[in-house]
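As stored in upload-v2.cif (mmCIF, C-alpha atoms):
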```cif
data_work
loop_
_atom_site.group_PDB
_atom_site.id
_atom_site.type_symbol
_atom_site.label_atom_id
_atom_site.label_comp_id
_atom_site.auth_asym_id
_atom_site.auth_seq_id
_atom_site.Cartn_x
_atom_site.Cartn_y
_atom_site.Cartn_z
ATOM 1 C CA MET A 17 0.000 0.000 0.000
ATOM 2 C CA SER A 18 1.350 3.429 -0.909
ATOM 3 C CA SER A 19 2.466 5.662 1.928
ATOM 4 C CA PRO A 20 0.429 8.768 2.760
ATOM 5 C CA HIS A 21 3.770 10.604 3.133
ATOM 6 C CA TYR A 22 5.009 9.711 -0.352
ATOM 7 C CA ASP A 23 5.945 12.707 -2.534
ATOM 8 C CA ILE A 24 4.802 11.861 -6.062
ATOM 9 C CA PHE A 25 6.694 14.838 -7.509
ATOM 10 C CA LYS A 26 10.081 13.999 -5.990
ATOM 11 C CA THR A 27 9.751 10.375 -7.090
ATOM 12 C CA PRO A 28 7.312 10.370 -9.996
ATOM 13 C CA PRO A 29 5.797 7.166 -11.366
ATOM 14 C CA LYS A 30 7.020 5.627 -14.602
ATOM 15 C CA ALA A 31 3.550 4.951 -15.940
ATOM 16 C CA LEU A 32 0.017 6.280 -15.604
ATOM 17 C CA THR A 33 -3.000 3.999 -15.972
ATOM 18 C CA PHE A 34 -6.331 5.663 -16.676
ATOM 19 C CA ASP A 35 -9.869 4.744 -15.899
ATOM 20 C CA VAL A 36 -11.924 5.447 -19.012
ATOM 21 C CA PHE A 37 -15.709 5.607 -18.420
ATOM 22 C CA GLY A 38 -16.454 8.846 -16.602
ATOM 23 C CA THR A 39 -12.783 9.758 -16.137
ATOM 24 C CA THR A 40 -11.526 10.009 -19.707
ATOM 25 C CA VAL A 41 -14.827 9.990 -21.605
ATOM 26 C CA THR A 42 -18.234 11.330 -20.631
ATOM 27 C CA SER A 43 -21.475 9.382 -20.528
ATOM 28 C CA ARG A 44 -23.592 11.986 -22.318
ATOM 29 C CA LEU A 45 -24.092 9.785 -25.375
ATOM 30 C CA ILE A 46 -25.840 7.234 -23.156
ATOM 31 C CA ASP A 47 -28.586 9.814 -22.729
ATOM 32 C CA SER A 48 -28.615 10.211 -26.509
ATOM 33 C CA ALA A 49 -29.047 6.464 -26.838
ATOM 34 C CA ALA A 50 -32.079 6.622 -24.585
ATOM 35 C CA ALA A 51 -33.437 9.435 -26.737
ATOM 36 C CA LYS A 52 -32.896 7.263 -29.786
ATOM 37 C CA VAL A 53 -34.928 4.508 -28.159
ATOM 38 C CA SER A 54 -37.665 7.057 -27.512
ATOM 39 C CA SER A 55 -37.875 8.081 -31.184
ATOM 40 C CA SER A 56 -37.968 4.770 -33.006
ATOM 41 C CA SER A 57 -37.371 5.074 -36.751
ATOM 42 C CA LYS A 58 -39.902 2.360 -37.493
ATOM 43 C CA SER A 59 -42.763 3.707 -35.400
ATOM 44 C CA ALA A 60 -45.230 3.104 -38.234
ATOM 45 C CA ASP A 61 -44.601 -0.632 -37.884
ATOM 46 C CA LEU A 62 -45.101 -0.726 -34.124
ATOM 47 C CA SER A 63 -48.100 -2.205 -32.445
ATOM 48 C CA PRO A 64 -50.648 0.240 -31.021
ATOM 49 C CA GLU A 65 -49.646 -0.876 -27.504
ATOM 50 C CA ILE A 66 -45.986 -0.001 -28.024
ATOM 51 C CA ARG A 67 -46.800 3.299 -29.705
ATOM 52 C CA LYS A 68 -49.016 4.195 -26.765
ATOM 53 C CA ARG A 69 -46.332 3.168 -24.284
ATOM 54 C CA VAL A 70 -43.678 5.309 -26.014
ATOM 55 C CA SER A 71 -46.029 8.305 -26.190
ATOM 56 C CA GLU A 72 -46.544 8.126 -22.420
ATOM 57 C CA LEU A 73 -42.852 8.512 -21.611
ATOM 58 C CA ILE A 74 -41.397 11.994 -21.077
ATOM 59 C CA ASP A 75 -37.802 13.261 -21.137
ATOM 60 C CA GLU A 76 -37.361 12.593 -17.428
ATOM 61 C CA ASP A 77 -38.343 8.963 -18.003
ATOM 62 C CA TRP A 78 -35.698 8.546 -20.686
ATOM 63 C CA GLY A 79 -33.151 10.142 -18.382
ATOM 64 C CA GLN A 80 -34.041 7.525 -15.794
ATOM 65 C CA PHE A 81 -33.759 4.813 -18.446
ATOM 66 C CA ALA A 82 -30.220 5.985 -19.267
ATOM 67 C CA GLN A 83 -29.275 6.156 -15.574
ATOM 68 C CA GLU A 84 -30.472 2.594 -15.016
ATOM 69 C CA TRP A 85 -28.370 1.422 -17.956
ATOM 70 C CA ARG A 86 -25.285 3.115 -16.504
ATOM 71 C CA GLU A 87 -26.054 1.728 -13.045
ATOM 72 C CA SER A 88 -26.281 -1.820 -14.399
ATOM 73 C CA TYR A 89 -22.633 -1.521 -15.508
ATOM 74 C CA TYR A 90 -21.531 -0.577 -11.998
ATOM 75 C CA LYS A 91 -23.494 -3.374 -10.363
ATOM 76 C CA PHE A 92 -22.218 -5.949 -12.843
ATOM 77 C CA THR A 93 -18.517 -5.091 -12.558
ATOM 78 C CA HIS A 94 -18.558 -4.701 -8.778
ATOM 79 C CA GLY A 95 -20.547 -7.900 -8.321
ATOM 80 C CA TYR A 96 -18.301 -10.037 -10.515
ATOM 81 C CA VAL A 97 -16.289 -12.661 -8.598
ATOM 82 C CA PRO A 98 -13.380 -14.193 -10.561
ATOM 83 C CA GLY A 99 -13.600 -17.971 -10.593
ATOM 84 C CA GLU A 100 -17.220 -17.947 -9.454
ATOM 85 C CA SER A 101 -19.244 -15.627 -11.693
ATOM 86 C CA GLU A 102 -19.925 -16.519 -15.323
ATOM 87 C CA TRP A 103 -17.547 -14.540 -17.555
ATOM 88 C CA ARG A 104 -19.119 -11.852 -19.714
ATOM 89 C CA ASP A 105 -17.346 -8.990 -21.455
ATOM 90 C CA ILE A 106 -18.677 -5.459 -21.232
ATOM 91 C CA ASP A 107 -20.076 -5.331 -24.758
ATOM 92 C CA THR A 108 -22.112 -8.435 -23.967
ATOM 93 C CA HIS A 109 -23.237 -6.959 -20.664
ATOM 94 C CA HIS A 110 -24.346 -3.721 -22.317
ATOM 95 C CA ARG A 111 -26.425 -5.614 -24.877
ATOM 96 C CA LEU A 112 -28.038 -7.976 -22.355
ATOM 97 C CA SER A 113 -28.701 -5.211 -19.833
ATOM 98 C CA LEU A 114 -30.333 -3.118 -22.580
ATOM 99 C CA ILE A 115 -32.580 -6.055 -23.462
ATOM 100 C CA ASP A 116 -33.500 -6.411 -19.782
ATOM 101 C CA LEU A 117 -34.265 -2.704 -19.514
ATOM 102 C CA LEU A 118 -36.461 -2.717 -22.612
ATOM 103 C CA GLN A 119 -38.414 -5.587 -21.084
ATOM 104 C CA LYS A 120 -38.661 -3.882 -17.708
ATOM 105 C CA TRP A 121 -39.968 -0.717 -19.372
ATOM 106 C CA GLN A 122 -42.395 -2.725 -21.520
ATOM 107 C CA LEU A 123 -40.570 -1.701 -24.698
ATOM 108 C CA GLU A 124 -39.244 -5.075 -25.843
ATOM 109 C CA GLU A 125 -40.982 -4.847 -29.233
ATOM 110 C CA LEU A 126 -39.531 -1.437 -30.030
ATOM 111 C CA TYR A 127 -36.424 -2.736 -31.814
ATOM 112 C CA THR A 128 -35.244 -5.799 -33.692
ATOM 113 C CA ASP A 129 -32.345 -7.823 -32.308
ATOM 114 C CA ASP A 130 -29.955 -6.231 -34.816
ATOM 115 C CA GLU A 131 -31.108 -2.746 -33.863
ATOM 116 C CA VAL A 132 -30.635 -3.466 -30.168
ATOM 117 C CA GLN A 133 -27.127 -4.707 -30.941
ATOM 118 C CA ASP A 134 -26.311 -1.489 -32.815
ATOM 119 C CA LEU A 135 -27.780 0.660 -30.065
ATOM 120 C CA SER A 136 -25.788 -1.132 -27.367
ATOM 121 C CA LEU A 137 -22.541 -0.168 -29.129
ATOM 122 C CA VAL A 138 -23.082 3.546 -28.412
ATOM 123 C CA TRP A 139 -20.536 3.031 -25.597
ATOM 124 C CA HIS A 140 -17.833 2.712 -28.290
ATOM 125 C CA PHE A 141 -18.341 6.332 -29.316
ATOM 126 C CA LEU A 142 -18.565 8.273 -26.073
ATOM 127 C CA ASP A 143 -16.896 11.681 -26.356
ATOM 128 C CA PRO A 144 -13.868 12.599 -24.251
ATOM 129 C CA TRP A 145 -13.885 15.361 -21.692
ATOM 130 C CA SER A 146 -12.591 18.594 -23.201
ATOM 131 C CA ASP A 147 -9.162 18.244 -21.545
ATOM 132 C CA SER A 148 -8.657 14.522 -22.146
ATOM 133 C CA SER A 149 -6.997 14.395 -25.564
ATOM 134 C CA ALA A 150 -4.624 17.327 -25.080
ATOM 135 C CA GLY A 151 -3.844 16.288 -21.514
ATOM 136 C CA LEU A 152 -3.092 12.695 -22.464
ATOM 137 C CA HIS A 153 -0.762 13.742 -25.254
ATOM 138 C CA LYS A 154 1.140 16.003 -22.869
ATOM 139 C CA LEU A 155 1.348 13.298 -20.190
ATOM 140 C CA GLY A 156 2.432 10.797 -22.837
ATOM 141 C CA SER A 157 5.549 12.874 -23.479
ATOM 142 C CA LYS A 158 6.828 11.971 -20.006
ATOM 143 C CA PHE A 159 5.012 8.801 -18.921
ATOM 144 C CA GLU A 160 3.899 5.490 -20.333
ATOM 145 C CA THR A 161 0.139 5.978 -20.616
ATOM 146 C CA SER A 162 -2.295 3.093 -20.592
ATOM 147 C CA THR A 163 -5.992 2.521 -20.247
ATOM 148 C CA LEU A 164 -7.014 0.396 -17.285
ATOM 149 C CA SER A 165 -10.727 0.056 -17.762
ATOM 150 C CA ASN A 166 -13.389 -2.578 -17.340
ATOM 151 C CA GLY A 167 -14.264 -2.052 -21.002
ATOM 152 C CA ASN A 168 -13.161 -4.781 -23.410
ATOM 153 C CA GLN A 169 -10.292 -4.307 -25.854
ATOM 154 C CA SER A 170 -12.349 -3.507 -28.966
ATOM 155 C CA LEU A 171 -14.402 -0.954 -27.025
ATOM 156 C CA LEU A 172 -11.299 0.775 -25.657
ATOM 157 C CA LYS A 173 -9.582 0.819 -29.055
ATOM 158 C CA ASP A 174 -12.646 2.475 -30.586
ATOM 159 C CA LEU A 175 -12.755 5.084 -27.814
ATOM 160 C CA ASN A 176 -9.024 5.757 -28.197
ATOM 161 C CA GLU A 177 -9.463 6.350 -31.916
ATOM 162 C CA HIS A 178 -12.762 8.231 -31.657
ATOM 163 C CA GLY A 179 -11.427 10.648 -29.053
ATOM 164 C CA HIS A 180 -7.876 10.976 -30.466
ATOM 165 C CA LEU A 181 -6.679 10.042 -27.002
ATOM 166 C CA GLY A 182 -3.211 8.784 -27.889
ATOM 167 C CA PHE A 183 -2.861 6.076 -25.264
ATOM 168 C CA LYS A 184 0.444 4.246 -25.679
ATOM 169 C CA LYS A 185 -1.009 1.003 -24.368
ATOM 170 C CA ILE A 186 -4.532 -0.390 -24.231
ATOM 171 C CA GLN A 187 -5.194 -2.548 -21.180
ATOM 172 C CA SER A 188 -8.559 -3.966 -20.219
ATOM 173 C CA ALA A 189 -9.614 -5.670 -17.016
ATOM 174 C CA ALA A 190 -10.776 -8.442 -19.340
ATOM 175 C CA ASP A 191 -7.094 -9.160 -20.083
ATOM 176 C CA PHE A 192 -6.963 -10.524 -16.542
ATOM 177 C CA MET A 193 -10.441 -12.129 -16.533
ATOM 178 C CA ALA A 194 -11.609 -9.880 -13.706
ATOM 179 C CA TYR A 195 -13.065 -6.426 -13.164
ATOM 180 C CA LYS A 196 -11.889 -3.482 -11.120
ATOM 181 C CA PRO A 197 -11.557 -3.102 -8.231
ATOM 182 C CA HIS A 198 -10.305 -6.729 -8.026
ATOM 183 C CA PRO A 199 -6.563 -6.723 -7.140
ATOM 184 C CA SER A 200 -5.638 -8.976 -10.072
ATOM 185 C CA VAL A 201 -6.492 -6.168 -12.503
ATOM 186 C CA TYR A 202 -4.074 -3.642 -10.998
ATOM 187 C CA GLN A 203 -1.370 -6.231 -10.356
ATOM 188 C CA GLY A 204 -1.733 -7.656 -13.856
ATOM 189 C CA ALA A 205 -1.509 -4.230 -15.475
ATOM 190 C CA ALA A 206 1.721 -3.345 -13.675
ATOM 191 C CA LYS A 207 3.222 -6.728 -14.548
ATOM 192 C CA ALA A 208 2.262 -6.293 -18.222
ATOM 193 C CA MET A 209 4.257 -3.049 -18.236
ATOM 194 C CA ALA A 210 7.204 -4.768 -16.518
ATOM 195 C CA LEU A 211 6.859 -2.408 -13.568
ATOM 196 C CA ASP A 212 6.374 -2.715 -9.851
ATOM 197 C CA THR A 213 2.979 -1.482 -8.697
ATOM 198 C CA SER A 214 4.728 1.349 -6.808
ATOM 199 C CA GLU A 215 5.994 2.646 -10.161
ATOM 200 C CA VAL A 216 2.489 3.163 -11.522
ATOM 201 C CA ALA A 217 -0.123 5.803 -10.725
ATOM 202 C CA MET A 218 -3.832 5.193 -11.290
ATOM 203 C CA VAL A 219 -5.807 8.162 -12.639
ATOM 204 C CA ALA A 220 -9.537 8.039 -11.963
ATOM 205 C CA ALA A 221 -12.638 10.059 -11.159
ATOM 206 C CA HIS A 222 -13.848 7.375 -8.743
ATOM 207 C CA LEU A 223 -12.314 7.034 -5.303
ATOM 208 C CA SER A 224 -13.347 3.381 -5.034
ATOM 209 C CA ASP A 225 -11.138 2.653 -8.065
ATOM 210 C CA LEU A 226 -8.243 4.543 -6.507
ATOM 211 C CA LYS A 227 -8.741 2.737 -3.213
ATOM 212 C CA GLY A 228 -8.441 -0.597 -5.010
ATOM 213 C CA ALA A 229 -5.322 0.550 -6.860
ATOM 214 C CA ARG A 230 -3.733 1.950 -3.697
ATOM 215 C CA GLY A 231 -4.328 -1.345 -1.925
ATOM 216 C CA CYS A 232 -2.071 -2.941 -4.555
ATOM 217 C CA GLY A 233 0.669 -0.336 -4.154
ATOM 218 C CA PHE A 234 -0.270 2.108 -6.923
ATOM 219 C CA ARG A 235 0.077 5.853 -6.545
ATOM 220 C CA THR A 236 -3.203 7.721 -6.922
ATOM 221 C CA ILE A 237 -4.363 10.722 -8.944
ATOM 222 C CA TYR A 238 -7.957 11.815 -8.462
ATOM 223 C CA VAL A 239 -9.599 13.927 -11.167
ATOM 224 C CA GLU A 240 -13.024 15.201 -10.161
ATOM 225 C CA ARG A 241 -15.639 14.916 -12.923
ATOM 226 C CA LYS A 242 -19.165 16.254 -12.647
ATOM 227 C CA GLY A 243 -21.627 13.611 -11.495
ATOM 228 C CA GLU A 244 -19.099 10.770 -11.325
ATOM 229 C CA GLU A 245 -18.181 10.334 -7.655
ATOM 230 C CA ARG A 246 -20.345 7.891 -5.703
ATOM 231 C CA TRP A 247 -18.786 8.634 -2.299
ATOM 232 C CA LYS A 248 -20.498 11.535 -0.546
ATOM 233 C CA PRO A 249 -18.261 14.486 0.447
ATOM 234 C CA HIS A 250 -19.500 14.327 4.059
ATOM 235 C CA SER A 251 -18.756 10.596 4.377
ATOM 236 C CA ASP A 252 -15.825 9.286 6.404
ATOM 237 C CA GLU A 253 -14.398 7.377 3.417
ATOM 238 C CA TYR A 254 -14.364 10.540 1.292
ATOM 239 C CA LYS A 255 -12.733 12.577 4.062
ATOM 240 C CA ASP A 256 -10.188 9.804 4.603
ATOM 241 C CA ALA A 257 -9.344 9.774 0.890
ATOM 242 C CA LYS A 258 -8.209 13.393 1.259
ATOM 243 C CA THR A 259 -5.362 12.058 3.427
ATOM 244 C CA TRP A 260 -4.053 9.427 1.002
ATOM 245 C CA VAL A 261 -4.718 10.580 -2.567
ATOM 246 C CA ASP A 262 -1.367 11.735 -3.996
ATOM 247 C CA ILE A 263 -2.795 14.344 -6.399
ATOM 248 C CA TRP A 264 -6.318 15.727 -6.166
ATOM 249 C CA ILE A 265 -7.619 17.718 -9.141
ATOM 250 C CA SER A 266 -10.825 19.599 -8.376
ATOM 251 C CA GLU A 267 -13.723 19.923 -10.807
ATOM 252 C CA ASP A 268 -13.012 23.609 -11.468
ATOM 253 C CA GLU A 269 -9.449 22.813 -12.586
ATOM 254 C CA ASP A 270 -8.541 21.576 -16.051
ATOM 255 C CA GLY A 271 -8.530 17.804 -15.590
ATOM 256 C CA PHE A 272 -5.684 15.975 -17.323
ATOM 257 C CA LEU A 273 -4.117 19.261 -18.411
ATOM 258 C CA GLU A 274 -3.839 20.232 -14.750
ATOM 259 C CA VAL A 275 -2.192 16.868 -13.989
ATOM 260 C CA ALA A 276 0.368 17.591 -16.725
ATOM 261 C CA LYS A 277 0.960 21.071 -15.317
ATOM 262 C CA LYS A 278 1.622 19.658 -11.846
ATOM 263 C CA PHE A 279 4.321 17.448 -13.363
ATOM 264 C CA ASP A 280 5.838 20.528 -15.085
ATOM 265 C CA ILE A 281 4.854 19.375 -18.555
ATOM 266 C CA ASN A 282 4.172 22.363 -20.785
#
```

What does the file become when written as structure tokens?
Amino acid sequence: MSSPHYDIFKTPPKALTFDVFGTTVTSRLIDSAAAKVSSSSKSADLSPEIRKRVSELIDEDWGQFAQEWRESYYKFTHGYVPGESEWRDIDTHHRLSLIDLLQKWQLEELYTDDEVQDLSLVWHFLDPWSDSSAGLHKLGSKFETSTLSNGNQSLLKDLNEHGHLGFKKIQSAADFMAYKPHPSVYQGAAKAMALDTSEVAMVAAHLSDLKGARGCGFRTIYVERKGEERWKPHSDEYKDAKTWVDIWISEDEDGFLEVAKKFDIN
């Protein structure tokens, strides 16, 4: 476990691993996906029951639909137990959870199987935060930069290309047949880079991710992103994190660009 007295600037890490969903890219397109569900292109072919059901739903309902889809990702990854749970990659989870949601919302006849598949892949094209691309390229001039996300390889490669992110290495939790915050993900990532865990810093907008990384010896860089943190500011765990996070970037600072600035990268 990293020491709370460690000076990350005097002894900087050799590599930075980045969480992707919420930290590097936003989830705004998930709301767009829900809007797409709400405005089916084949409405003329729908049954009267489905057309009535869709007409009853308002924008707030579709916002809730999108939030439930996002929440299913969190529950799935945090509930996965290596060696016990049935393996499923994130693309598969997104498709199956969307099918479940459509059924729950009585919208299962709204799309064909192929259309549901296409809709579930919206996660491959989430836009980066405004500072992500420029910040990553700056940080990449000094550090090995790698994804360390629960997303599968093809998903992460698409996001890297779509957002012009410039990651030097693409690592997925799926490479280690587990999901963050399981220790094998952090340990496996460091090993794949031929580094000790103490030589790597995890960059994330979720303190639970950083807690898992720190428990394996990683350094920690917290980048606040609007609406991403699940720990409440008044909670003991949040207050405690203030004592062990190595770099804390607030929401009103410039994200990854601010991280680069703190490491004197111009």

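Excluding A:Arg111 and any residue on its chain fewer than 5 positions from it, the residues at most 9 Å away by only C-alpha atoms are A:Ile106, A:Asp116, A:Val132, A:Gln133, A:Asp134, A:Leu135, A:Ser136, A:Leu137.
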
Would you write out those residues with C-alpha atoms, as a compact mmCIF listing (two decimals), in the frame of the given file?
```
# COMPACT_ATOMS: atom_id res chain seq x y z
CA ILE A 106 -18.68 -5.46 -21.23
CA ASP A 116 -33.50 -6.41 -19.78
CA VAL A 132 -30.64 -3.47 -30.17
CA GLN A 133 -27.13 -4.71 -30.94
CA ASP A 134 -26.31 -1.49 -32.82
CA LEU A 135 -27.78 0.66 -30.06
CA SER A 136 -25.79 -1.13 -27.37
CA LEU A 137 -22.54 -0.17 -29.13
```

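Between atom CA of A:Leu175 and atom CA of A:Lys248 the interatomic distance comes to 29.1 Å.
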
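Of the listed residues A:Gly243, A:Gly231, A:Pro144, A:Gly271, the one whose atoms come nearest to A:Gly179 is A:Pro144, with distances taken using all atoms listed in the file.
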
**OP:** Would you kindly return, as a VMD selection string, each protein, DNA or RNA residue with an atom no farther than 12 Å from any atom of A:Lys278, considering all atoms listed in the file and excluding same-chain residues fewer than 5 positions away?
**Re:** chain A and resid 24 to 26 28 151 154 to 155 237 262 to 265 269 to 273

**OP:** Please measure the separation of atom CA of A:Phe159 and atom CA of A:Ala229, giving the value in Å to one decimal.
**Re:**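 So the two atoms, atom CA of A:Phe159 and atom CA of A:Ala229, lie 17.9 Å apart.
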